[in-house]
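The block underneath contains the structure these notes are about, expressed in structure tokens.
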Amino acid sequence: MLKSKTFVKKTRAGGVMKIVREHYLRDDIWCGSEACRECKQESTVLQAEACIESNLCPYPHYVVPDTNVVLHQIDVLEDPVIRNVIILQTVLQEVRHRSAPVYKRLKDMIQAKEKLVYTFTNEHHRYKDINWETYIEREQGESANDRNDRAIRVAVKWYSQHLKADGLKVVLLTDDQGNKEKAEESSLVVYKFDEYVKNLTANPELVDRLALSKDDKAEIISSKVLFPEHLPLSKIQSGIKSGTFLQGTFKASRDNYLEATVFVQGEGEESTEVLIQGLQNLNRAVHQDVVAVQLLPRNQWVLPSSVVLQDDGAAKDDDVDGDEEEKALRISAAEAAGKPTGKIVGIIKRNWRPFCGMLNVSQIKESTRHLFTPADRRIPRIRIETRQASTLVGQRIMVAIDGWPKNSRYPNGHFVRSLGSAGEKGTEEAVLLLEHDVPHQAFSQNVLSFLPKMPWGITPEDMIKRQDLRHLTVCSVDPPGCTDIDDALHCRELENGNLEVGVHIADVSHFIRPGNALDKEAANRGTTVYLCGKRIDMVPELLSSNLCSLRSNVESVIGLKASLTYAEAQMRIDDTNKKDDITESLRGLNKLAKILKRKRIENGALTLSSLEVRFHIDSETHDPIDLQTKELMETNSMVEEFMLLANISVAQKIYDEFPDCALLRKHPAPPPSNYDILLKAAKSKNVEIHTDSAKALADSLDVAKVDGFSYFNTLLRILATRCMMQAVYFCSGMDSDFHHYGLASPIYTHFTSPIRRYADIIVHRLLAVAIGADITYPDLMDKHKQSALCNNLNYRHKMSQYAQRASVAFHTQLFFKSRGILNEEGFVLFVRKNAIIVLIPKFGLEGTVFFDSKDKAGPSLVFDEEGPTLKVEQTTFHIFDKVKVTISLDDSNIQHQKIRMALTEPVIPGVSVAAPDVEPQAKKPKVDR
């Protein structure tokens, strides 16, 4: 059936245009209940025998949540206890429009068969025997929200009448008092959501997961106003338009809980950083929120604090004045001015998510209100209400924020779920994956359905557009234990004496076709995440470790002759007795790689440095039994050079063919201020570093030496690594600066690792179209969609790096757990106002050694920003000074276990302090393969 609406619209030319909107209604949409006697249903979802047990509704019933209940109570709705749920099309569309994360969780819930969730398309439904449509028109003067609420009530009324004869009731769940009253006027069964949940007979702990209502929030805040009022969105928008306010992303500091930075994106690539200091100026913004910031007068601009200031964990009352804790901050701020400084005046978009952490149980007897401490130091403590405190002690739990009133020192939230005992490997691994937003759920059956059927083999059709290279001596060279091998090489001498090199990359795009569930899942994951002893695959294992992985002596178009580790390849090259084809191929590759590398460096490519560690894992306990820095061989560089060359060549090819939609990768040049610490460090040893260009930097690093200090150049390159910007993916049609600073290349992309990077799959598709091996599709040629894809890929890549570092940090703690106290040599990498950051080369560790203490009077400290130097009593610390420390594990705080360092040399009378946060050094951005 068709409903149509005709109206006229004036055109710019002054004429009128007749517009007809058509809305189709169907009489064959079934209700989804197995108990229904009227609908001729192909399949059913809702079951009469599996209804929720409730004191409030002690009869068989289905529940229909409205939009706000889904948006705010998804943590409860996801629980297995809540089943036989009807999600109306109206609700689904509203949720999709208002919250992408909740929409995804709702879709997952709908697809989980055991949840018994049925989607009813009420917006297109007309009951066949009675002139009763669940689709309704918006009435004159009615808001879109009120129309949708009415549509929900109409659908619930239809369901109630439709299933009445089957002995089933339909319950509307809403937290909107007005909607509830109108539903009651229509004789519907309706309850507030918290009222319904509190009367469930199973899982009483679900009450803890309820998001706080407005009434609940009013009960737990003090009368004292602690923060300025947030401006309404209308005022924020007009302020941004006039230039009074700036819009940016709020980034809280890890080292100072009273400090943050707002990154304001300007025109083109220009961006501004606005410093925020003090609780009132931070004004309830949470890390990653999009905020409106107002600049303070120039005479109030300050520099970032040099103090490392961490919340001591003690709960502070809402009525306690916060001036005392900000005293150290103000002293630091008063020393100099210069950086744009501002205050948060409003929140444009909250970026809240469930946070992992631990419960701090209240000392008040019988209290149900407790503070939750997030694992991420950038997130404030959260006040929650729970009756399970005694069972949650020592557990890692998840908590969601519901709101942050201006009268409360802490945001209010609710318990989501427990992850397990703190400190256990499984629990900590789950925490780091959740905290870094790494998709790690098992691949759904829908995704797996698009995998090739086994056994799989090469068919004649496969070879029509392929070149058979199985006669060549192709081999792979990878780290030990690698099973997702997607690149290989060959080298052979031609009749004219030239050397031919082949770079062979697995054709993952052959198995993953555009737009299907497998493709969408890979695009969302973006990258494979490598943790210590575990890999979170971007694509299912059948592809990552089997069909797409290049394995020796396995039938494939590439036909790999050997799968070697870096060490095995190096031994072959070095063994003069070996003359076989594989070894000769490796020698040819190594010879050419050295020439390529020399030319790259001559062109200004950077060779930076960082200390990467490798764990040797016990095969039974999976605990780390040894830890050492990775040793790089010639063969590492050999593979790197040809992967770089292939990436550059493919980048040029796809850009030439598709100048508006090529997926490329660039590395922006750092702003001059980034080099300040590097220049100061070099100057402290009377060494001059030039940063006018990548080549100038590379050349000056090459000659930077200090007599009697052989490790100086490595330290300098480590510091130079910290000055670099992050390399990013981008769409060629949306940018004009393609240059890759670190590689000194005018154009670059990622092509050589399609098993573990989705960017490479897109590049493969572009290349396949360019050479006539495949056909294009709309999204591939849409620069806006390509740009949005790049944003997700950049985010996933960044988070995977953070997750990997967190995994290394945790395994480092496990390594030191049973080793007592170790004495090691290190170097001062940074100097702060109250601490030094020490690098331990042997283990790739960095640790902060503090020289102040809250418990007792500290030593005399004199900090010189220009040096930078820190004078502790009579000892002055400079960057790169050699020190000796003891290393041990401090597990007194089970949530934030850490490696502590205590200074042993130089000896400072009366000083014996330890480092609170020791982290493995960040991975170097040198190899952008």
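Each chain in the structure tokens gets a letter, A, B, ..., in the order shown, and its residues are numbered from 1; ligands are numbered from 1 in order too.
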With only C-alpha atoms as the counted atoms, please give the residues lying no more than 7 Å from region 716-723 of chain A, apart from itself and same-chain residues fewer than 6 positions off, as a ChimeraX atom specification. /A:608-610,670,674-675,678,924
Per-residue nearest contacts region 727-822 of chain A to region 630-652 of chain A, cut-off 9 Å, using only C-alpha atoms, as JSON lines:
{"residue": "A:Leu743", "atom": "CA", "partner": "A:Leu644", "partner_atom": "CA", "distance": 8.8}
{"residue": "A:Ser745", "atom": "CA", "partner": "A:Ile648", "partner_atom": "CA", "distance": 7.8}
{"residue": "A:Pro746", "atom": "CA", "partner": "A:Ile648", "partner_atom": "CA", "distance": 8.8}
{"residue": "A:Ile747", "atom": "CA", "partner": "A:Ile648", "partner_atom": "CA", "distance": 6.3}
{"residue": "A:Tyr748", "atom": "CA", "partner": "A:Ile648", "partner_atom": "CA", "distance": 4.8}
{"residue": "A:Thr749", "atom": "CA", "partner": "A:Ala651", "partner_atom": "CA", "distance": 5.2}
{"residue": "A:His750", "atom": "CA", "partner": "A:Asn647", "partner_atom": "CA", "distance": 5.6}
{"residue": "A:Phe751", "atom": "CA", "partner": "A:Asn647", "partner_atom": "CA", "distance": 5.5}
{"residue": "A:Thr752", "atom": "CA", "partner": "A:Met643", "partner_atom": "CA", "distance": 6.4}
{"residue": "A:Val763", "atom": "CA", "partner": "A:Val650", "partner_atom": "CA", "distance": 8.1}
{"residue": "A:Leu767", "atom": "CA", "partner": "A:Val650", "partner_atom": "CA", "distance": 7.3}
What's the 7 Å shell around Ile348 (chain A), counting only C-alpha atoms, without same-chain residues fewer than 5 positions away, as an MDAnalysis selection string? chainID A and resid 233 290:292
With a distance cut-off of 12 Å and only C-alpha atoms, select the neighbouring residues of Val508 (chain A), excluding the residue or stretch itself and same-chain residues fewer than 6 positions from it, and output the selection as an NGL selection string. :A and (451-452 or 484-487 or 514 or 518-519 or 522 or 538-540 or 542-550 or 751-765 or 768)
Within 9 Å of Leu282 (chain A), counting only C-alpha atoms, which residues qualify if same-chain residues fewer than 6 places away don't, as number ranges by chain? A: 227, 258-260, 276, 343-345
Expected file: the selected residues, N, CA and C atoms, as a compact mmCIF listing (two decimals), in the first residue's frame:
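Saved to part-v5.txt:
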# COMPACT_ATOMS: atom_id res chain seq x y z
N PHE A 227 31.83 24.26 40.27
CA PHE A 227 32.26 24.56 38.91
C PHE A 227 31.34 25.59 38.26
N LEU A 258 45.73 18.23 37.25
CA LEU A 258 45.16 19.58 37.26
C LEU A 258 45.48 20.34 35.98
N GLU A 259 45.87 19.61 34.95
CA GLU A 259 46.30 20.27 33.71
C GLU A 259 45.83 19.49 32.49
N ALA A 260 45.54 20.22 31.42
CA ALA A 260 45.10 19.60 30.17
C ALA A 260 45.42 20.54 29.02
N ILE A 276 45.08 24.42 29.68
CA ILE A 276 44.06 24.58 30.73
C ILE A 276 44.67 24.13 32.04
N LYS A 343 39.99 28.59 29.50
CA LYS A 343 39.09 27.88 30.42
C LYS A 343 37.97 27.26 29.60
N ILE A 344 37.46 26.12 30.08
CA ILE A 344 36.38 25.42 29.42
C ILE A 344 35.06 26.11 29.78
N VAL A 345 34.29 26.51 28.76
CA VAL A 345 33.01 27.18 29.02
C VAL A 345 31.82 26.30 28.66
Could you tell me which of A:Ser160, A:Ile512, A:His440, A:Cys356 comes closest to Ser186 (chain A) if we count only C-alpha atoms? A:Ser160
Which of region 2-76 of chain A end up as alpha helix (DSSP H) when DSSP is run on this backbone - answer as a ChimeraX atom specification? /A:67-72,74-76
Residues of region 247-456 of chain A in strand (DSSP E) according to DSSP, as a PyMOL selection string? chain A and resi 247-252+259-265+271-277+290-295+342-349+355-360+369-374+382-385+395-403+412-421
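Across the model, the gap from CA of Gly826 (chain A) to CA of Ala704 (chain A) is 20.2 Å.
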Contacts of Thr459 (chain A) at 12 Å or less, counting only C-alpha atoms, minus same-chain residues fewer than 6 places along, as an mmCIF file with N, CA and C atoms, in the first residue's frame?
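See out.cif below for the written result:
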data_model
loop_
_atom_site.group_PDB
_atom_site.id
_atom_site.type_symbol
_atom_site.label_atom_id
_atom_site.label_comp_id
_atom_site.auth_asym_id
_atom_site.auth_seq_id
_atom_site.Cartn_x
_atom_site.Cartn_y
_atom_site.Cartn_z
ATOM 1 N N LYS A 465 43.866 -13.685 -14.958
ATOM 2 C CA LYS A 465 44.413 -12.339 -14.775
ATOM 3 C C LYS A 465 45.649 -12.339 -13.883
ATOM 4 N N ARG A 466 46.277 -13.497 -13.763
ATOM 5 C CA ARG A 466 47.460 -13.591 -12.909
ATOM 6 C C ARG A 466 48.654 -14.080 -13.708
ATOM 7 N N GLU A 555 50.964 -24.869 -2.170
ATOM 8 C CA GLU A 555 50.531 -24.468 -3.503
ATOM 9 C C GLU A 555 49.921 -23.068 -3.482
ATOM 10 N N SER A 556 50.543 -22.162 -4.223
ATOM 11 C CA SER A 556 49.988 -20.818 -4.394
ATOM 12 C C SER A 556 50.576 -20.231 -5.659
ATOM 13 N N VAL A 557 50.001 -19.111 -6.096
ATOM 14 C CA VAL A 557 50.481 -18.482 -7.332
ATOM 15 C C VAL A 557 51.898 -17.961 -7.155
#
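If you look at CA of Pro909 (chain A) and CA of Asp864 (chain A), they are 21.4 Å away from each other.
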Could you name the residues that touch Ser700 (chain A) at 12 Å or less, counting only C-alpha atoms, but leaving out those on the same chain fewer than 4 positions away, as a VMD selection string? chain A and resid 604 606 to 607 678 to 679 682 687 to 696 704 to 705 713 716 to 717 720
